[in-house]
file query36.cif (mmCIF, C-alpha atoms and all ligand atoms)
data_entry
loop_
_atom_site.label_atom_id
_atom_site.label_comp_id
_atom_site.auth_asym_id
_atom_site.auth_seq_id
_atom_site.Cartn_x
_atom_site.Cartn_y
_atom_site.Cartn_z
CA MET A 1 5.38 83.55 -0.05
CA THR A 2 7.33 80.31 -0.09
CA SER A 3 8.65 78.94 -3.38
CA GLU A 4 8.65 75.45 -1.94
CA PRO A 5 5.94 72.83 -2.55
CA ALA A 6 3.41 71.60 -0.01
CA ILE A 7 4.53 68.30 1.52
CA ARG A 8 1.87 66.06 3.04
CA VAL A 9 3.08 63.13 5.10
CA LEU A 10 0.55 60.33 5.65
CA ASP A 11 0.77 57.22 7.78
CA ASP A 12 1.07 54.51 5.14
CA PRO A 13 0.73 53.82 1.40
CA ASP A 14 -3.05 53.39 1.62
CA THR A 15 -3.77 56.69 3.32
CA THR A 16 -1.27 58.39 1.00
CA SER A 17 -3.02 57.02 -2.09
CA ARG A 18 -6.40 58.06 -0.68
CA ALA A 19 -5.21 61.60 0.05
CA ALA A 20 -3.77 61.89 -3.47
CA ALA A 21 -7.01 60.54 -4.97
CA GLU A 22 -9.01 63.13 -2.99
CA ALA A 23 -6.77 65.94 -4.24
CA ILE A 24 -7.12 64.69 -7.83
CA THR A 25 -10.90 64.54 -7.38
CA ASP A 26 -11.02 68.12 -6.07
CA ALA A 27 -8.82 69.41 -8.90
CA LEU A 28 -10.80 67.63 -11.64
CA ARG A 29 -14.13 68.83 -10.22
CA ALA A 30 -12.87 72.41 -9.94
CA ALA A 31 -11.56 72.33 -13.52
CA VAL A 32 -14.87 71.05 -14.92
CA ALA A 33 -16.78 73.66 -12.91
CA ALA A 34 -14.50 76.45 -14.14
CA ARG A 35 -13.80 75.42 -17.75
CA GLY A 36 -16.26 72.64 -18.65
CA ARG A 37 -13.52 70.02 -18.90
CA ALA A 38 -10.57 68.69 -16.96
CA ASP A 39 -7.24 67.36 -18.20
CA TRP A 40 -4.89 65.30 -16.14
CA ALA A 41 -1.82 63.21 -16.87
CA THR A 42 -1.44 59.98 -15.01
CA THR A 43 1.66 57.93 -14.42
CA GLY A 44 3.08 54.43 -14.50
CA GLY A 45 5.05 52.33 -12.09
CA SER A 46 3.34 51.14 -8.90
CA THR A 47 2.17 54.59 -7.76
CA PRO A 48 -1.16 54.89 -9.62
CA ILE A 49 -2.66 51.56 -8.54
CA GLY A 50 -3.69 52.55 -5.00
CA ILE A 51 -4.84 55.92 -6.31
CA TYR A 52 -7.05 54.26 -8.94
CA ARG A 53 -8.49 51.96 -6.27
CA ALA A 54 -9.48 54.98 -4.19
CA LEU A 55 -10.93 56.77 -7.24
CA ILE A 56 -13.27 53.88 -8.08
CA GLU A 57 -14.65 53.62 -4.56
CA SER A 58 -17.51 55.61 -3.13
CA PRO A 59 -17.58 58.53 -2.42
CA LEU A 60 -14.88 59.59 -4.91
CA ARG A 61 -16.25 57.58 -7.84
CA ASP A 62 -19.48 59.60 -7.77
CA LEU A 63 -17.78 62.96 -7.36
CA VAL A 64 -15.64 63.06 -10.52
CA PRO A 65 -17.54 64.01 -13.72
CA TRP A 66 -15.50 61.49 -15.74
CA GLU A 67 -17.43 62.17 -18.96
CA SER A 68 -15.74 65.61 -18.99
CA VAL A 69 -12.28 64.41 -17.95
CA HIS A 70 -9.44 63.85 -20.42
CA THR A 71 -6.79 61.41 -19.23
CA TRP A 72 -3.30 61.78 -20.70
CA TRP A 73 -0.14 59.86 -19.84
CA GLY A 74 3.03 61.47 -18.53
CA ASP A 75 5.06 58.68 -20.04
CA ASP A 76 4.85 55.12 -21.23
CA ARG A 77 7.12 52.27 -22.07
CA PHE A 78 7.50 51.03 -25.68
CA VAL A 79 5.49 47.84 -25.12
CA PRO A 80 1.98 46.66 -26.03
CA ARG A 81 -0.86 48.02 -23.90
CA THR A 82 -1.44 44.54 -22.46
CA ASP A 83 2.19 44.11 -21.35
CA PRO A 84 2.73 44.16 -17.56
CA LEU A 85 5.24 46.99 -18.14
CA SER A 86 2.67 49.21 -19.87
CA ASN A 87 1.71 52.37 -18.00
CA VAL A 88 -1.80 52.03 -19.48
CA LEU A 89 -2.43 48.55 -18.08
CA PRO A 90 -3.30 49.69 -14.52
CA PHE A 91 -5.80 52.14 -16.03
CA ASP A 92 -7.32 49.33 -18.15
CA GLU A 93 -7.38 46.89 -15.26
CA VAL A 94 -8.40 49.10 -12.33
CA LEU A 95 -9.67 52.59 -13.15
CA ALA A 96 -11.63 51.99 -16.37
CA PRO A 97 -13.55 48.90 -15.15
CA GLY A 98 -14.48 50.85 -11.98
CA VAL A 99 -15.52 54.05 -13.77
CA PRO A 100 -16.26 53.16 -17.42
CA ALA A 101 -16.80 56.84 -18.32
CA ALA A 102 -13.05 57.33 -17.84
CA ARG A 103 -12.54 55.47 -21.15
CA GLU A 104 -14.42 58.16 -23.11
CA HIS A 105 -11.56 60.64 -23.25
CA ALA A 106 -8.51 58.48 -22.56
CA HIS A 107 -5.43 59.46 -24.59
CA PRO A 108 -2.85 56.68 -24.27
CA ILE A 109 0.39 57.05 -26.23
CA ALA A 110 0.03 55.02 -29.47
CA MET A 111 2.51 52.26 -28.60
CA ASP A 112 0.38 49.45 -30.09
CA GLU A 113 0.05 51.29 -33.41
CA ALA A 114 3.78 52.10 -33.43
CA LEU A 115 4.74 48.48 -32.76
CA ALA A 116 2.26 47.11 -35.31
CA GLY A 117 3.49 49.52 -37.97
CA GLY A 118 7.20 48.91 -37.33
CA HIS A 119 7.67 52.49 -36.10
CA ASP A 120 9.88 53.71 -33.26
CA THR A 121 9.39 55.89 -30.20
CA THR A 122 10.09 59.06 -32.20
CA TRP A 123 7.03 58.26 -34.33
CA ALA A 124 4.88 57.58 -31.27
CA ALA A 125 6.14 60.78 -29.63
CA SER A 126 5.35 62.96 -32.64
CA ARG A 127 1.88 61.44 -32.87
CA TYR A 128 1.32 62.20 -29.20
CA ASP A 129 2.70 65.69 -29.64
CA ALA A 130 0.13 66.26 -32.43
CA GLU A 131 -2.69 64.79 -30.31
CA LEU A 132 -1.80 67.17 -27.49
CA GLN A 133 -1.45 70.13 -29.89
CA HIS A 134 -4.94 69.45 -31.26
CA GLY A 135 -6.38 68.46 -27.88
CA GLY A 136 -8.00 71.80 -27.11
CA LEU A 137 -5.61 72.51 -24.25
CA GLU A 138 -4.82 75.97 -22.99
CA VAL A 139 -1.18 76.87 -23.68
CA GLY A 140 0.77 78.81 -21.05
CA GLY A 141 3.37 81.54 -21.42
CA SER A 142 6.12 78.91 -21.37
CA GLY A 143 4.73 77.41 -24.59
CA PHE A 144 3.55 74.24 -22.86
CA PRO A 145 -0.05 73.06 -22.37
CA ILE A 146 -1.56 73.65 -18.95
CA LEU A 147 -2.94 70.40 -17.54
CA ASP A 148 -5.06 70.57 -14.39
CA VAL A 149 -3.10 67.78 -12.69
CA VAL A 150 0.14 66.03 -13.61
CA LEU A 151 0.60 63.01 -11.37
CA VAL A 152 4.11 61.58 -11.15
CA GLY A 153 6.07 59.08 -9.12
CA ILE A 154 9.77 59.52 -8.44
CA GLY A 155 12.53 57.12 -9.48
CA GLY A 156 15.33 56.00 -7.19
CA ASP A 157 17.74 58.14 -9.27
CA GLY A 158 15.55 61.25 -8.97
CA HIS A 159 13.90 60.84 -12.38
CA VAL A 160 10.40 61.97 -13.05
CA LEU A 161 8.24 61.07 -16.07
CA SER A 162 10.92 59.39 -18.26
CA VAL A 163 13.28 62.28 -17.70
CA PHE A 164 16.45 60.76 -16.31
CA PRO A 165 19.41 62.59 -14.74
CA GLY A 166 21.42 64.42 -17.40
CA SER A 167 18.55 64.12 -19.88
CA PRO A 168 18.51 66.42 -22.92
CA LEU A 169 14.71 66.56 -22.46
CA LEU A 170 15.23 69.37 -19.99
CA GLU A 171 16.28 71.54 -22.97
CA GLU A 172 13.65 70.31 -25.48
CA TYR A 173 10.59 72.13 -26.78
CA ALA A 174 8.56 69.22 -28.23
CA TRP A 175 5.61 68.36 -26.00
CA ALA A 176 6.28 64.60 -26.26
CA ILE A 177 9.67 63.03 -26.85
CA GLY A 178 11.10 59.54 -27.56
CA VAL A 179 13.53 58.37 -24.87
CA PRO A 180 16.11 55.61 -25.42
CA ALA A 181 15.98 52.65 -23.02
CA PRO A 182 17.75 53.64 -19.78
CA THR A 183 20.66 51.34 -18.92
CA HIS A 184 21.04 52.43 -15.30
CA ILE A 185 17.52 51.74 -14.11
CA GLU A 186 14.84 49.13 -14.77
CA PRO A 187 12.91 48.45 -16.85
CA HIS A 188 15.46 48.77 -19.68
CA VAL A 189 12.79 49.69 -22.20
CA ALA A 190 12.55 52.69 -24.53
CA ARG A 191 9.86 55.24 -23.59
CA VAL A 192 7.90 58.23 -24.71
CA SER A 193 7.70 61.04 -22.19
CA LEU A 194 5.94 64.34 -21.87
CA ASN A 195 8.28 67.28 -21.78
CA PRO A 196 9.12 68.14 -18.15
CA GLY A 197 7.97 71.67 -19.06
CA ILE A 198 4.42 70.26 -18.94
CA LEU A 199 4.95 69.16 -15.35
CA ALA A 200 6.30 72.63 -14.59
CA ALA A 201 3.29 74.30 -16.27
CA ALA A 202 0.60 72.17 -14.59
CA ARG A 203 -2.00 73.80 -12.36
CA LEU A 204 -1.28 71.04 -9.85
CA PRO A 205 1.93 69.05 -10.15
CA MET A 206 1.48 66.10 -7.81
CA VAL A 207 4.25 63.74 -6.67
CA VAL A 208 3.34 60.56 -4.80
CA ALA A 209 5.90 58.24 -3.20
CA HIS A 210 5.79 55.43 -0.67
CA GLY A 211 8.32 53.35 1.15
CA ALA A 212 11.74 53.60 2.79
CA GLY A 213 13.38 52.88 -0.58
CA LYS A 214 12.46 56.44 -1.68
CA ALA A 215 13.61 58.18 1.53
CA ALA A 216 17.18 59.05 0.52
CA ILE A 217 16.33 60.36 -2.93
CA LEU A 218 13.43 62.41 -1.55
CA ALA A 219 15.76 64.09 0.93
CA SER A 220 18.17 64.99 -1.91
CA VAL A 221 15.42 66.21 -4.23
CA LEU A 222 13.52 68.21 -1.62
CA GLU A 223 16.35 69.46 0.57
CA GLY A 224 19.44 69.34 -1.68
CA THR A 225 20.78 72.14 -3.87
CA LEU A 226 18.58 72.88 -6.87
CA ASP A 227 20.07 71.02 -9.82
CA VAL A 228 17.40 69.62 -12.16
CA GLN A 229 19.97 68.01 -14.44
CA ARG A 230 21.03 65.87 -11.51
CA TRP A 231 17.55 65.42 -9.98
CA PRO A 232 14.86 66.00 -12.64
CA ALA A 233 12.11 65.55 -10.01
CA GLN A 234 13.06 69.01 -8.77
CA VAL A 235 10.91 70.34 -11.63
CA ALA A 236 8.05 69.68 -9.17
CA ARG A 237 9.84 71.35 -6.27
CA ARG A 238 7.92 74.54 -6.64
CA ALA A 239 5.12 76.50 -5.04
CA GLY A 240 1.74 75.12 -6.08
CA ALA A 241 2.97 71.52 -6.25
CA THR A 242 1.96 68.96 -3.65
CA TRP A 243 4.06 65.99 -2.61
CA PHE A 244 2.20 63.11 -0.94
CA LEU A 245 4.63 60.90 0.99
CA ASP A 246 4.09 58.14 3.46
CA ARG A 247 6.01 58.24 6.74
CA ALA A 248 8.64 55.79 5.50
CA ALA A 249 9.34 57.79 2.33
CA ALA A 250 9.57 61.02 4.37
CA SER A 251 11.83 59.53 7.03
CA ASP A 252 15.05 61.23 5.82
CA LEU A 253 13.52 64.71 5.57
CA SER A 254 14.74 67.07 8.25
CA ALA A 255 11.55 69.06 8.79
C1 LIG B 301 8.03 54.95 -15.65
C2 LIG B 301 7.48 55.94 -14.72
C3 LIG B 301 8.43 56.47 -13.69
C4 LIG B 301 7.83 56.11 -12.35
C5 LIG B 301 8.82 56.23 -11.22
C6 LIG B 301 8.21 55.76 -9.91
O1 LIG B 301 7.42 54.70 -16.66
O2 LIG B 301 9.07 54.34 -15.34
O3 LIG B 301 6.52 56.77 -15.12
O4 LIG B 301 8.72 57.84 -13.78
O5 LIG B 301 6.72 56.92 -12.10
O6 LIG B 301 9.94 55.47 -11.54
O7 LIG B 301 7.87 54.42 -10.01
P1 LIG B 301 7.05 53.69 -8.88
O8 LIG B 301 5.69 54.26 -8.89
O9 LIG B 301 7.02 52.24 -9.31
O10 LIG B 301 7.79 53.90 -7.62
#

call {"tool": "encode", "arguments": {"input": "query36.cif", "output": "structure tokens", "more": "lines below"}}
Ligand code: 6PG
result
Amino acid sequence: MTSEPAIRVLDDPDTTSRAAAEAITDALRAAVAARGRADWATTGGSTPIGIYRALIESPLRDLVPWESVHTWWGDDRFVPRTDPLSNVLPFDEVLAPGVPAAREHAHPIAMDEALAGGHDTTWAASRYDAELQHGGLEVGGSGFPILDVVLVGIGGDGHVLSVFPGSPLLEEYAWAIGVPAPTHIEPHVARVSLNPGILAAARLPMVVAHGAGKAAILASVLEGTLDVQRWPAQVARRAGATWFLDRAAASDLSA
């Protein structure tokens, strides 16, 4: 059996987003059928927008039992929920208006409350950690909760979630952690991130990337030596994970 992930190469960003949305739909349906609920973590950046658009269109919108689906966030920036940099804004603007039931069990990181109360990202992270701990999630042998799907994009430096190269988060045990503003990559805003152990523990880790700008880093992450400190996205380079890439993003892969 291979220890490598499945890599699906699609023609363009639209077909890639649609394929990812179909896989999310299948995984959420299967989880609800098996356990009565589904839990997934969504992402920020530009990646989720096309996926949300596919999820709110027929037939997918009628296939997901959203009233039984809990939506978590893999990471978020320390900004108000209405800020264009917020990782919750695409959910509020695209997914939730299209499928209102998705609002029922949405668990955004409490950035608004933290900002209003003069707290920092450590406060928001420990609140999220507690929300996850009390969220009724199954905990795996690694000590991390098992989400049905963890959807992530990949940064140009090989980061995933808000886990940047050289990050101490790779050695942490907390489920959610405050991250100082990165100086090497935009936006230069502090974050809260799930522990990468939660990506590793997911039933379906899912990486989605489009565009020639991601080609070089994808070749390093998928075909380079394993070194998660250098390329944190390699946490999702494992059997059971699926990478959805468009042709441009996959153009530097050898296979
Ligand atoms: C963040 C993200 C980050 C993102 C990647 C890919 O808050 O910065 O969650 O990990 O997913 O940088 O970003 P794009 O989807 O914009 O390519």

call {"tool": "closest_residue", "arguments": {"input": "query36.cif", "among": "A:Leu226, A:Leu161, A:Ile7, A:Ala190", "to": "Gly74 in chain A", "atoms": "only C-alpha atoms"}}
result
A:Leu161

call {"tool": "residues_around", "arguments": {"input": "query36.cif", "residues": "Ala6 in chain A", "least_positions_apart": "3", "cutoff": "12 Å", "atoms": "all atoms listed in the file", "output": "PDB file with C-alpha atoms, keeping the file's coordinate frame"}}
result
ATOM      1  CA  THR A   2       7.330  80.310  -0.090  1.00  0.00           C
ATOM      2  CA  SER A   3       8.650  78.940  -3.380  1.00  0.00           C
ATOM      3  CA  VAL A   9       3.080  63.130   5.100  1.00  0.00           C
ATOM      4  CA  LEU A 204      -1.280  71.040  -9.850  1.00  0.00           C
ATOM      5  CA  PRO A 205       1.930  69.050 -10.150  1.00  0.00           C
ATOM      6  CA  MET A 206       1.480  66.100  -7.810  1.00  0.00           C
ATOM      7  CA  VAL A 207       4.250  63.740  -6.670  1.00  0.00           C
ATOM      8  CA  LEU A 222      13.520  68.210  -1.620  1.00  0.00           C
ATOM      9  CA  ALA A 236       8.050  69.680  -9.170  1.00  0.00           C
ATOM     10  CA  ARG A 237       9.840  71.350  -6.270  1.00  0.00           C
ATOM     11  CA  ARG A 238       7.920  74.540  -6.640  1.00  0.00           C
ATOM     12  CA  ALA A 239       5.120  76.500  -5.040  1.00  0.00           C
ATOM     13  CA  GLY A 240       1.740  75.120  -6.080  1.00  0.00           C
ATOM     14  CA  ALA A 241       2.970  71.520  -6.250  1.00  0.00           C
ATOM     15  CA  THR A 242       1.960  68.960  -3.650  1.00  0.00           C
ATOM     16  CA  TRP A 243       4.060  65.990  -2.610  1.00  0.00           C
ATOM     17  CA  PHE A 244       2.200  63.110  -0.940  1.00  0.00           C
ATOM     18  CA  LEU A 245       4.630  60.900   0.990  1.00  0.00           C
TER      19      LEU A 245
END

call {"tool": "residues_near_ligand", "arguments": {"input": "query36.cif", "ligand": "ligand LIG 301 (chain B)", "cutoff": "9 Å", "atoms": "only C-alpha atoms and all ligand atoms", "output": "ChimeraX atom specification"}}
result
/A:42-49,73-77,85-87,151-164,185-187,191-193,208-211,214

call {"tool": "closest_residue", "arguments": {"input": "query36.cif", "among": "A:Asp120, A:Glu104, A:Asp129, A:Asp252", "to": "Ile198 in chain A", "atoms": "all atoms listed in the file"}}
result
A:Asp129

call {"tool": "closest_residue", "arguments": {"input": "query36.cif", "among": "A:Val150, A:Ala201, A:Glu93, A:Arg81", "to": "Ala23 in chain A", "atoms": "all atoms listed in the file"}}
result
A:Val150

call {"tool": "closest_residue", "arguments": {"input": "query36.cif", "among": "A:Val99, A:Ala116, A:Ala216, A:Val235", "to": "Ala249 in chain A", "atoms": "all atoms listed in the file"}}
result
A:Ala216

call {"tool": "axis_aligned_box", "arguments": {"input": "query36.cif", "around": "range 37-55 of chain A", "padding_each_side": "8 Å", "output": "AutoDock Vina command-line options"}}
result
--center_x -4.2 --center_y 60.6 --center_z -11.5 --size_x 34.6 --size_y 34.9 --size_z 30.7

call {"tool": "decode", "arguments": {"input": "query36.cif", "residues": "range 179-214 of chain A", "atoms": "N, CA and C atoms", "output": "PDB file, in the first residue's frame"}}
result
ATOM      1  N   VAL A 179      -0.867  32.596  16.702  1.00  0.00           N
ATOM      2  CA  VAL A 179       0.324  32.648  15.830  1.00  0.00           C
ATOM      3  C   VAL A 179       0.660  34.129  15.596  1.00  0.00           C
ATOM      4  N   PRO A 180       1.910  34.538  15.870  1.00  0.00           N
ATOM      5  CA  PRO A 180       2.267  35.930  15.601  1.00  0.00           C
ATOM      6  C   PRO A 180       2.168  36.243  14.109  1.00  0.00           C
ATOM      7  N   ALA A 181       1.989  37.517  13.779  1.00  0.00           N
ATOM      8  CA  ALA A 181       1.877  37.918  12.378  1.00  0.00           C
ATOM      9  C   ALA A 181       3.125  37.487  11.614  1.00  0.00           C
ATOM     10  N   PRO A 182       2.979  36.770  10.520  1.00  0.00           N
ATOM     11  CA  PRO A 182       4.171  36.400   9.732  1.00  0.00           C
ATOM     12  C   PRO A 182       4.746  37.650   9.069  1.00  0.00           C
ATOM     13  N   THR A 183       6.073  37.724   8.997  1.00  0.00           N
ATOM     14  CA  THR A 183       6.691  38.892   8.346  1.00  0.00           C
ATOM     15  C   THR A 183       7.078  38.549   6.908  1.00  0.00           C
ATOM     16  N   HIS A 184       7.173  37.256   6.602  1.00  0.00           N
ATOM     17  CA  HIS A 184       7.698  36.861   5.293  1.00  0.00           C
ATOM     18  C   HIS A 184       6.600  36.670   4.253  1.00  0.00           C
ATOM     19  N   ILE A 185       5.351  36.704   4.693  1.00  0.00           N
ATOM     20  CA  ILE A 185       4.279  36.390   3.746  1.00  0.00           C
ATOM     21  C   ILE A 185       3.037  37.205   4.123  1.00  0.00           C
ATOM     22  N   GLU A 186       2.311  37.643   3.113  1.00  0.00           N
ATOM     23  CA  GLU A 186       1.111  38.448   3.383  1.00  0.00           C
ATOM     24  C   GLU A 186      -0.090  37.551   3.633  1.00  0.00           C
ATOM     25  N   PRO A 187      -1.120  38.032   4.299  1.00  0.00           N
ATOM     26  CA  PRO A 187      -1.153  39.300   5.021  1.00  0.00           C
ATOM     27  C   PRO A 187      -0.392  39.234   6.352  1.00  0.00           C
ATOM     28  N   HIS A 188       0.258  40.358   6.710  1.00  0.00           N
ATOM     29  CA  HIS A 188       1.052  40.402   7.943  1.00  0.00           C
ATOM     30  C   HIS A 188       0.119  40.650   9.127  1.00  0.00           C
ATOM     31  N   VAL A 189      -0.659  39.636   9.438  1.00  0.00           N
ATOM     32  CA  VAL A 189      -1.683  39.745  10.477  1.00  0.00           C
ATOM     33  C   VAL A 189      -1.556  38.524  11.375  1.00  0.00           C
ATOM     34  N   ALA A 190      -1.696  38.740  12.689  1.00  0.00           N
ATOM     35  CA  ALA A 190      -1.646  37.608  13.626  1.00  0.00           C
ATOM     36  C   ALA A 190      -2.812  36.662  13.341  1.00  0.00           C
ATOM     37  N   ARG A 191      -2.663  35.417  13.720  1.00  0.00           N
ATOM     38  CA  ARG A 191      -3.685  34.385  13.406  1.00  0.00           C
ATOM     39  C   ARG A 191      -3.939  33.508  14.626  1.00  0.00           C
ATOM     40  N   VAL A 192      -4.982  32.703  14.456  1.00  0.00           N
ATOM     41  CA  VAL A 192      -5.182  31.532  15.317  1.00  0.00           C
ATOM     42  C   VAL A 192      -5.254  30.356  14.367  1.00  0.00           C
ATOM     43  N   SER A 193      -4.574  29.284  14.718  1.00  0.00           N
ATOM     44  CA  SER A 193      -4.547  28.112  13.829  1.00  0.00           C
ATOM     45  C   SER A 193      -4.882  26.851  14.604  1.00  0.00           C
ATOM     46  N   LEU A 194      -5.521  25.923  13.932  1.00  0.00           N
ATOM     47  CA  LEU A 194      -5.618  24.576  14.488  1.00  0.00           C
ATOM     48  C   LEU A 194      -4.220  23.979  14.521  1.00  0.00           C
ATOM     49  N   ASN A 195      -4.024  23.073  15.424  1.00  0.00           N
ATOM     50  CA  ASN A 195      -2.781  22.315  15.478  1.00  0.00           C
ATOM     51  C   ASN A 195      -2.668  21.464  14.203  1.00  0.00           C
ATOM     52  N   PRO A 196      -1.500  21.430  13.569  1.00  0.00           N
ATOM     53  CA  PRO A 196      -1.368  20.593  12.373  1.00  0.00           C
ATOM     54  C   PRO A 196      -1.659  19.115  12.658  1.00  0.00           C
ATOM     55  N   GLY A 197      -1.596  18.719  13.930  1.00  0.00           N
ATOM     56  CA  GLY A 197      -1.953  17.344  14.297  1.00  0.00           C
ATOM     57  C   GLY A 197      -3.411  17.036  13.945  1.00  0.00           C
ATOM     58  N   ILE A 198      -4.245  18.087  13.877  1.00  0.00           N
ATOM     59  CA  ILE A 198      -5.660  17.864  13.534  1.00  0.00           C
ATOM     60  C   ILE A 198      -5.794  17.599  12.038  1.00  0.00           C
ATOM     61  N   LEU A 199      -4.951  18.222  11.254  1.00  0.00           N
ATOM     62  CA  LEU A 199      -4.914  17.909   9.817  1.00  0.00           C
ATOM     63  C   LEU A 199      -4.438  16.463   9.633  1.00  0.00           C
ATOM     64  N   ALA A 200      -3.408  16.109  10.399  1.00  0.00           N
ATOM     65  CA  ALA A 200      -2.862  14.748  10.287  1.00  0.00           C
ATOM     66  C   ALA A 200      -3.889  13.695  10.711  1.00  0.00           C
ATOM     67  N   ALA A 201      -4.735  14.047  11.692  1.00  0.00           N
ATOM     68  CA  ALA A 201      -5.694  13.067  12.245  1.00  0.00           C
ATOM     69  C   ALA A 201      -6.996  12.984  11.462  1.00  0.00           C
ATOM     70  N   ALA A 202      -7.216  13.894  10.509  1.00  0.00           N
ATOM     71  CA  ALA A 202      -8.514  13.960   9.821  1.00  0.00           C
ATOM     72  C   ALA A 202      -8.813  12.675   9.050  1.00  0.00           C
ATOM     73  N   ARG A 203     -10.111  12.362   8.948  1.00  0.00           N
ATOM     74  CA  ARG A 203     -10.478  11.217   8.095  1.00  0.00           C
ATOM     75  C   ARG A 203     -10.112  11.532   6.655  1.00  0.00           C
ATOM     76  N   LEU A 204     -10.343  12.781   6.238  1.00  0.00           N
ATOM     77  CA  LEU A 204      -9.981  13.174   4.878  1.00  0.00           C
ATOM     78  C   LEU A 204      -9.285  14.534   4.890  1.00  0.00           C
ATOM     79  N   PRO A 205      -7.954  14.534   4.909  1.00  0.00           N
ATOM     80  CA  PRO A 205      -7.254  15.799   4.702  1.00  0.00           C
ATOM     81  C   PRO A 205      -7.355  16.131   3.213  1.00  0.00           C
ATOM     82  N   MET A 206      -7.737  17.372   2.908  1.00  0.00           N
ATOM     83  CA  MET A 206      -7.956  17.730   1.510  1.00  0.00           C
ATOM     84  C   MET A 206      -7.214  19.029   1.198  1.00  0.00           C
ATOM     85  N   VAL A 207      -6.306  18.966   0.237  1.00  0.00           N
ATOM     86  CA  VAL A 207      -5.554  20.165  -0.164  1.00  0.00           C
ATOM     87  C   VAL A 207      -6.052  20.579  -1.537  1.00  0.00           C
ATOM     88  N   VAL A 208      -6.336  21.866  -1.708  1.00  0.00           N
ATOM     89  CA  VAL A 208      -6.801  22.364  -3.006  1.00  0.00           C
ATOM     90  C   VAL A 208      -5.900  23.519  -3.415  1.00  0.00           C
ATOM     91  N   ALA A 209      -5.402  23.482  -4.642  1.00  0.00           N
ATOM     92  CA  ALA A 209      -4.541  24.575  -5.128  1.00  0.00           C
ATOM     93  C   ALA A 209      -4.734  24.777  -6.624  1.00  0.00           C
ATOM     94  N   HIS A 210      -4.737  26.044  -7.003  1.00  0.00           N
ATOM     95  CA  HIS A 210      -4.866  26.398  -8.422  1.00  0.00           C
ATOM     96  C   HIS A 210      -3.725  27.316  -8.815  1.00  0.00           C
ATOM     97  N   GLY A 211      -3.387  27.260 -10.089  1.00  0.00           N
ATOM     98  CA  GLY A 211      -2.558  28.310 -10.672  1.00  0.00           C
ATOM     99  C   GLY A 211      -1.079  27.994 -10.715  1.00  0.00           C
ATOM    100  N   ALA A 212      -0.409  28.552 -11.729  1.00  0.00           N
ATOM    101  CA  ALA A 212       1.019  28.308 -11.949  1.00  0.00           C
ATOM    102  C   ALA A 212       1.854  28.817 -10.777  1.00  0.00           C
ATOM    103  N   GLY A 213       1.341  29.800 -10.050  1.00  0.00           N
ATOM    104  CA  GLY A 213       2.077  30.349  -8.901  1.00  0.00           C
ATOM    105  C   GLY A 213       2.313  29.303  -7.814  1.00  0.00           C
ATOM    106  N   LYS A 214       1.544  28.223  -7.810  1.00  0.00           N
ATOM    107  CA  LYS A 214       1.709  27.187  -6.769  1.00  0.00           C
ATOM    108  C   LYS A 214       2.534  25.998  -7.281  1.00  0.00           C
TER     109      LYS A 214
END
